[in-house]
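Student: The following block contains the structure, expressed as structure tokens.
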Amino acid sequence: LTASFASVLSCYEIYQHLNHFTRPDLQIHIVRILGMVPIYSVTSFLALVVKSEQKALMLDVLRDCYEGFVIYNFLVLLINYAGGDRHLNHSLELQPRMEHVWPLDLLFPPMKLGSGFMHFVRSACLQFVFVKPAGAIASLYVHSRANSTMNNAVDNLINQLPQIPSRTEKSVYFLVSLINNISVTMALYGLLLFYKAAEPVLRPYKPLPKFLAVKLV
């Protein structure tokens, strides 16, 4: 019931933005972020009702792909809030070097802000866009090879791929989980550094509650 209400509310917000499309540089990313709610709600509900674990994992792939897409769109939205790449780079270059967040400030020297810093932030977020779906696809492949019943065209196709011993299934799941955790940590740290550097410009837009809302979904 709660998921249905959230989905309806998000779709209404999307409709309002599209109906009053006066700031496309901002609203296109807002619409993409709002789309996360109905997509998560529908895929989570379907994952609960479908009887096939393989189909549930396929829904996870779809959800994970969109999650990575949303994280990067959130970064682009913040950059546009700050006036765009050129204006933001110029503003950052006028600032002094910035310390890393504790305890990494004990290990790394202060960072020079500017285009190089923004390239690091974009790379930290963009890698998550590819790593998260890749991990979901790998989990789906391993599960399919370990539990293939050869009862449909998908299983027939998968069966032609290299065999993975079932005893390695848990090890692959652990490795995928470890890589995903490292990837999401890098993405979140990149966003945290960006917020710390651009906080004076972004403060009126209150991005921190918005970011927490995205991750809580």
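Chain labels run A, B, ... following the order of the structure tokens; each chain numbers its residues from 1, and ligands are numbered from 1 in the order shown.
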List as an MDAnalysis selection string the protein and nucleic acid residues near A:Leu191, meaning an atom at most 8 Å away when only C-alpha atoms are counted, but skip any in the same chain fewer than 6 places from it.
Tutor: chainID A and resid 75 121 125
Student: Hey, what's within 9 Å of A:Leu18 if we count only C-alpha atoms and toss same-chain stuff fewer than 4 positions away? As a list in words, please?
Tutor: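 Contacts, with the query itself left out: Glu13, Ile14, Thr22, Gln27, Ile28 and Val31 of chain A.
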Student: For the selection you just gave me, I'd like the residues written to a file as a PDB file, in the first residue's frame, keeping all heavy atoms.
Tutor:
ATOM      1  N   GLU A  13       4.232  13.885  -9.533  1.00  0.00           N
ATOM      2  CA  GLU A  13       5.318  14.868  -9.556  1.00  0.00           C
ATOM      3  C   GLU A  13       5.983  14.893 -10.932  1.00  0.00           C
ATOM      4  O   GLU A  13       6.326  15.964 -11.447  1.00  0.00           O
ATOM      5  CB  GLU A  13       6.348  14.526  -8.474  1.00  0.00           C
ATOM      6  CG  GLU A  13       5.865  14.744  -7.055  1.00  0.00           C
ATOM      7  CD  GLU A  13       5.771  16.214  -6.699  1.00  0.00           C
ATOM      8  OE1 GLU A  13       6.443  17.025  -7.369  1.00  0.00           O
ATOM      9  OE2 GLU A  13       5.012  16.545  -5.774  1.00  0.00           O
ATOM     10  N   ILE A  14       6.169  13.721 -11.519  1.00  0.00           N
ATOM     11  CA  ILE A  14       6.754  13.654 -12.862  1.00  0.00           C
ATOM     12  C   ILE A  14       5.863  14.366 -13.869  1.00  0.00           C
ATOM     13  O   ILE A  14       6.339  15.133 -14.723  1.00  0.00           O
ATOM     14  CB  ILE A  14       6.977  12.183 -13.274  1.00  0.00           C
ATOM     15  CG1 ILE A  14       8.084  11.564 -12.426  1.00  0.00           C
ATOM     16  CG2 ILE A  14       7.330  12.075 -14.760  1.00  0.00           C
ATOM     17  CD1 ILE A  14       8.246  10.072 -12.631  1.00  0.00           C
ATOM     18  N   THR A  22       9.947  24.211 -17.696  1.00  0.00           N
ATOM     19  CA  THR A  22      10.558  25.522 -17.911  1.00  0.00           C
ATOM     20  C   THR A  22      12.076  25.515 -17.710  1.00  0.00           C
ATOM     21  O   THR A  22      12.754  26.414 -18.187  1.00  0.00           O
ATOM     22  CB  THR A  22       9.943  26.555 -16.957  1.00  0.00           C
ATOM     23  OG1 THR A  22      10.101  26.107 -15.601  1.00  0.00           O
ATOM     24  CG2 THR A  22       8.453  26.728 -17.256  1.00  0.00           C
ATOM     25  N   GLN A  27      15.094  19.905 -14.802  1.00  0.00           N
ATOM     26  CA  GLN A  27      13.919  19.047 -14.650  1.00  0.00           C
ATOM     27  C   GLN A  27      14.077  17.673 -15.287  1.00  0.00           C
ATOM     28  O   GLN A  27      13.490  16.697 -14.811  1.00  0.00           O
ATOM     29  CB  GLN A  27      12.685  19.756 -15.223  1.00  0.00           C
ATOM     30  CG  GLN A  27      12.219  20.925 -14.354  1.00  0.00           C
ATOM     31  CD  GLN A  27      11.074  21.693 -14.990  1.00  0.00           C
ATOM     32  OE1 GLN A  27      11.293  22.433 -15.941  1.00  0.00           O
ATOM     33  NE2 GLN A  27       9.874  21.511 -14.472  1.00  0.00           N
ATOM     34  N   ILE A  28      14.860  17.571 -16.358  1.00  0.00           N
ATOM     35  CA  ILE A  28      15.039  16.262 -16.982  1.00  0.00           C
ATOM     36  C   ILE A  28      15.710  15.296 -16.004  1.00  0.00           C
ATOM     37  O   ILE A  28      15.361  14.097 -15.939  1.00  0.00           O
ATOM     38  CB  ILE A  28      15.871  16.384 -18.290  1.00  0.00           C
ATOM     39  CG1 ILE A  28      15.913  15.043 -19.015  1.00  0.00           C
ATOM     40  CG2 ILE A  28      17.276  16.893 -18.010  1.00  0.00           C
ATOM     41  CD1 ILE A  28      14.592  14.550 -19.490  1.00  0.00           C
ATOM     42  N   VAL A  31      13.142  14.411 -13.160  1.00  0.00           N
ATOM     43  CA  VAL A  31      12.190  13.400 -13.627  1.00  0.00           C
ATOM     44  C   VAL A  31      12.827  12.014 -13.586  1.00  0.00           C
ATOM     45  O   VAL A  31      12.195  11.028 -13.163  1.00  0.00           O
ATOM     46  CB  VAL A  31      11.692  13.745 -15.049  1.00  0.00           C
ATOM     47  CG1 VAL A  31      10.974  12.556 -15.677  1.00  0.00           C
ATOM     48  CG2 VAL A  31      10.786  14.961 -15.017  1.00  0.00           C
TER      49      VAL A  31
END
Student: Residues near A:Pro207, anyone? I mean within 12 Å using only C-alpha atoms, not counting same-chain ones fewer than 5 positions away, as a list in words.
Tutor: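 Contacts, in chain order: Phe74, Leu75, Leu77, Leu78, Ile79, Tyr81, Ala82, Leu191, Leu192, Phe194, Tyr195, Lys196, Ala198, Glu199, Pro200, Val201, Leu202, Leu212, Ala213 and Val214 of chain A.
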Student: Taking only C-alpha atoms into account, produce a table as JSON lines in which each residue of stretch 60-159 of chain A with an atom at most 12 Å from an atom of stretch 171-175 of chain A appears once, together with its shortest atom pair and the distance in Å to one decimal, ordered by chain and rising number.
Tutor:
{"residue": "A:Gly135", "atom": "CA", "partner": "A:Tyr173", "partner_atom": "CA", "distance": 8.8}
{"residue": "A:Ala136", "atom": "CA", "partner": "A:Tyr173", "partner_atom": "CA", "distance": 9.6}
{"residue": "A:Ile137", "atom": "CA", "partner": "A:Tyr173", "partner_atom": "CA", "distance": 11.2}
{"residue": "A:Ala138", "atom": "CA", "partner": "A:Val172", "partner_atom": "CA", "distance": 8.3}
{"residue": "A:Ser139", "atom": "CA", "partner": "A:Tyr173", "partner_atom": "CA", "distance": 6.3}
{"residue": "A:Leu140", "atom": "CA", "partner": "A:Tyr173", "partner_atom": "CA", "distance": 9.9}
{"residue": "A:Tyr141", "atom": "CA", "partner": "A:Val172", "partner_atom": "CA", "distance": 10.4}
{"residue": "A:Val142", "atom": "CA", "partner": "A:Val172", "partner_atom": "CA", "distance": 7.6}
{"residue": "A:His143", "atom": "CA", "partner": "A:Tyr173", "partner_atom": "CA", "distance": 9.3}
{"residue": "A:Ala146", "atom": "CA", "partner": "A:Val172", "partner_atom": "CA", "distance": 11.6}
Student: Tell me which protein, DNA and RNA residues are within 12 Å of A:Cys65, counting only C-alpha atoms, leaving out same-chain ones fewer than 5 positions away, and put them as a ChimeraX atom specification.
Tutor: /A:36,39-40,58-60,70-72,128-137
Student: Could you write those residues out with all heavy atoms, as a compact mmCIF listing (two decimals), in the first residue's frame?
Tutor:
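Now in result-v4.txt:
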# COMPACT_ATOMS: atom_id res chain seq x y z
N MET A 36 12.73 6.63 -10.12
CA MET A 36 13.28 5.55 -9.32
C MET A 36 12.22 4.93 -8.40
O MET A 36 12.23 3.72 -8.15
CB MET A 36 14.45 6.08 -8.49
CG MET A 36 15.21 5.04 -7.70
SD MET A 36 16.60 5.80 -6.82
CE MET A 36 17.39 4.34 -6.15
N ILE A 39 9.75 2.54 -10.35
CA ILE A 39 10.52 1.39 -10.85
C ILE A 39 10.90 0.46 -9.71
O ILE A 39 10.75 -0.77 -9.80
CB ILE A 39 11.76 1.88 -11.61
CG1 ILE A 39 11.35 2.51 -12.95
CG2 ILE A 39 12.74 0.73 -11.84
CD1 ILE A 39 12.49 3.08 -13.73
N TYR A 40 11.37 1.02 -8.60
CA TYR A 40 11.71 0.19 -7.44
C TYR A 40 10.47 -0.49 -6.86
O TYR A 40 10.52 -1.67 -6.47
CB TYR A 40 12.38 1.07 -6.37
CG TYR A 40 13.86 0.94 -6.33
CD1 TYR A 40 14.62 1.14 -7.49
CD2 TYR A 40 14.54 0.62 -5.18
CE1 TYR A 40 16.00 1.04 -7.47
CE2 TYR A 40 15.93 0.51 -5.14
CZ TYR A 40 16.64 0.72 -6.30
OH TYR A 40 18.01 0.60 -6.28
N MET A 58 16.46 -11.28 -12.53
CA MET A 58 16.38 -10.43 -13.72
C MET A 58 15.79 -9.08 -13.37
O MET A 58 16.20 -8.03 -13.90
CB MET A 58 15.55 -11.13 -14.79
CG MET A 58 16.21 -12.37 -15.38
SD MET A 58 15.18 -13.26 -16.57
CE MET A 58 15.17 -12.08 -17.92
N LEU A 59 14.82 -9.06 -12.45
CA LEU A 59 14.27 -7.79 -11.97
C LEU A 59 15.32 -7.00 -11.20
O LEU A 59 15.36 -5.78 -11.27
CB LEU A 59 13.04 -8.06 -11.09
CG LEU A 59 11.82 -8.63 -11.81
CD1 LEU A 59 10.76 -9.04 -10.80
CD2 LEU A 59 11.24 -7.60 -12.78
N ASP A 60 16.18 -7.72 -10.47
CA ASP A 60 17.28 -7.05 -9.76
C ASP A 60 18.22 -6.36 -10.73
O ASP A 60 18.75 -5.27 -10.44
CB ASP A 60 18.07 -8.07 -8.92
CG ASP A 60 17.31 -8.50 -7.67
OD1 ASP A 60 16.34 -7.80 -7.31
OD2 ASP A 60 17.69 -9.52 -7.08
N VAL A 70 20.52 6.69 -11.77
CA VAL A 70 20.00 7.75 -10.91
C VAL A 70 21.12 8.44 -10.15
O VAL A 70 21.12 9.68 -10.01
CB VAL A 70 18.95 7.18 -9.93
CG1 VAL A 70 18.68 8.14 -8.77
CG2 VAL A 70 17.65 6.90 -10.67
N ILE A 71 22.09 7.68 -9.65
CA ILE A 71 23.20 8.27 -8.91
C ILE A 71 23.95 9.28 -9.78
O ILE A 71 24.29 10.39 -9.34
CB ILE A 71 24.16 7.18 -8.39
CG1 ILE A 71 23.48 6.33 -7.31
CG2 ILE A 71 25.44 7.80 -7.85
CD1 ILE A 71 23.13 7.08 -6.06
N TYR A 72 24.20 8.90 -11.04
CA TYR A 72 24.92 9.82 -11.92
C TYR A 72 24.06 11.04 -12.27
O TYR A 72 24.56 12.16 -12.34
CB TYR A 72 25.36 9.11 -13.19
CG TYR A 72 26.25 9.96 -14.05
CD1 TYR A 72 27.57 10.21 -13.67
CD2 TYR A 72 25.79 10.52 -15.23
CE1 TYR A 72 28.39 11.00 -14.44
CE2 TYR A 72 26.61 11.32 -16.01
CZ TYR A 72 27.91 11.56 -15.62
OH TYR A 72 28.72 12.35 -16.38
N PHE A 128 30.21 3.48 -10.91
CA PHE A 128 29.11 2.77 -10.26
C PHE A 128 28.00 2.43 -11.25
O PHE A 128 27.32 1.41 -11.11
CB PHE A 128 28.56 3.63 -9.12
CG PHE A 128 27.42 2.99 -8.36
CD1 PHE A 128 27.65 1.91 -7.53
CD2 PHE A 128 26.14 3.48 -8.47
CE1 PHE A 128 26.61 1.33 -6.82
CE2 PHE A 128 25.09 2.90 -7.78
CZ PHE A 128 25.33 1.82 -6.94
N VAL A 129 27.83 3.30 -12.26
CA VAL A 129 26.81 3.07 -13.29
C VAL A 129 27.06 1.76 -14.03
O VAL A 129 26.12 1.08 -14.45
CB VAL A 129 26.78 4.26 -14.28
CG1 VAL A 129 25.79 4.00 -15.41
CG2 VAL A 129 26.44 5.55 -13.55
N PHE A 130 28.33 1.39 -14.18
CA PHE A 130 28.68 0.17 -14.91
C PHE A 130 28.90 -1.02 -13.97
O PHE A 130 28.53 -2.15 -14.31
CB PHE A 130 29.94 0.40 -15.75
CG PHE A 130 29.77 1.45 -16.80
CD1 PHE A 130 30.23 2.74 -16.61
CD2 PHE A 130 29.13 1.15 -18.00
CE1 PHE A 130 30.07 3.71 -17.59
CE2 PHE A 130 28.96 2.11 -18.97
CZ PHE A 130 29.43 3.40 -18.77
N VAL A 131 29.49 -0.79 -12.80
CA VAL A 131 29.81 -1.89 -11.89
C VAL A 131 28.54 -2.51 -11.31
O VAL A 131 28.42 -3.74 -11.23
CB VAL A 131 30.73 -1.39 -10.76
CG1 VAL A 131 30.90 -2.47 -9.69
CG2 VAL A 131 32.10 -1.00 -11.32
N LYS A 132 27.58 -1.69 -10.91
CA LYS A 132 26.36 -2.22 -10.28
C LYS A 132 25.58 -3.15 -11.22
O LYS A 132 25.26 -4.28 -10.83
CB LYS A 132 25.49 -1.05 -9.84
CG LYS A 132 24.24 -1.44 -9.07
CD LYS A 132 24.56 -1.95 -7.67
CE LYS A 132 23.30 -2.13 -6.86
NZ LYS A 132 23.56 -2.65 -5.52
N PRO A 133 25.26 -2.73 -12.45
CA PRO A 133 24.57 -3.66 -13.36
C PRO A 133 25.42 -4.89 -13.70
O PRO A 133 24.88 -5.99 -13.84
CB PRO A 133 24.30 -2.81 -14.60
CG PRO A 133 24.37 -1.41 -14.15
CD PRO A 133 25.39 -1.40 -13.06
N ALA A 134 26.73 -4.68 -13.86
CA ALA A 134 27.60 -5.82 -14.19
C ALA A 134 27.57 -6.87 -13.10
O ALA A 134 27.56 -8.08 -13.37
CB ALA A 134 29.03 -5.33 -14.43
N GLY A 135 27.54 -6.43 -11.85
CA GLY A 135 27.46 -7.37 -10.73
C GLY A 135 26.15 -8.13 -10.73
O GLY A 135 26.12 -9.34 -10.46
N ALA A 136 25.05 -7.43 -11.03
CA ALA A 136 23.74 -8.09 -11.07
C ALA A 136 23.68 -9.11 -12.20
O ALA A 136 23.13 -10.21 -12.04
CB ALA A 136 22.64 -7.04 -11.23
N ILE A 137 24.24 -8.74 -13.35
CA ILE A 137 24.25 -9.67 -14.49
C ILE A 137 25.12 -10.90 -14.17
O ILE A 137 24.75 -12.03 -14.51
CB ILE A 137 24.75 -8.96 -15.76
CG1 ILE A 137 23.75 -7.88 -16.19
CG2 ILE A 137 24.99 -9.95 -16.89
CD1 ILE A 137 24.23 -7.00 -17.32
Student: When distances are computed from only C-alpha atoms, which of A:Leu9, A:Leu34, A:Ala56, A:Ala47 shows the smallest separation from A:Phe69?
Tutor: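 The shortest atom-to-atom distance to A:Phe69 comes from A:Leu34.
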Student: Would you please give, as a VMD selection string, all residues of stretch 70-132 of chain A that DSSP assigns to helix (DSSP H, G or I) based on the backbone?
Tutor: chain A and resid 70 to 81 85 to 93 104 to 106 115 to 132
Student: Which is closest to A:Leu193 among A:His17, A:His87, A:Lys112, A:Lys55, if we use only C-alpha atoms?
Tutor: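 Closest to A:Leu193, using only C-alpha atoms: A:Lys112.
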Student: So what do you get for atom CA of A:Arg97 versus atom CA of A:Pro109, distance-wise?
Tutor: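 Computing the Euclidean distance for atom CA of A:Arg97 and atom CA of A:Pro109 yields 9.2 Å.
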Student: Write out as a list in words each polymer residue whose atoms come within 12 Å of A:Ala197, counting only C-alpha atoms; drop sequence neighbours fewer than 6 positions from it.
Tutor: Leu78, Ile79, Ala82, Leu88, Asn89, Ser91, Leu92, Glu93, Leu94, Gln95, Pro96, Arg97, Met98, Glu99, His100, Val101, Pro110, Met111, Lys112, Leu113, Gly114, Phe117, Met118, Val121, Gly190, Leu191 and Arg203 of chain A
Student: Could you check how far atom CA of A:Ile182 sits from atom CA of A:Gln127, in Å to one decimal?
Tutor: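 That distance, rounded to one decimal, is 10.8 Å.
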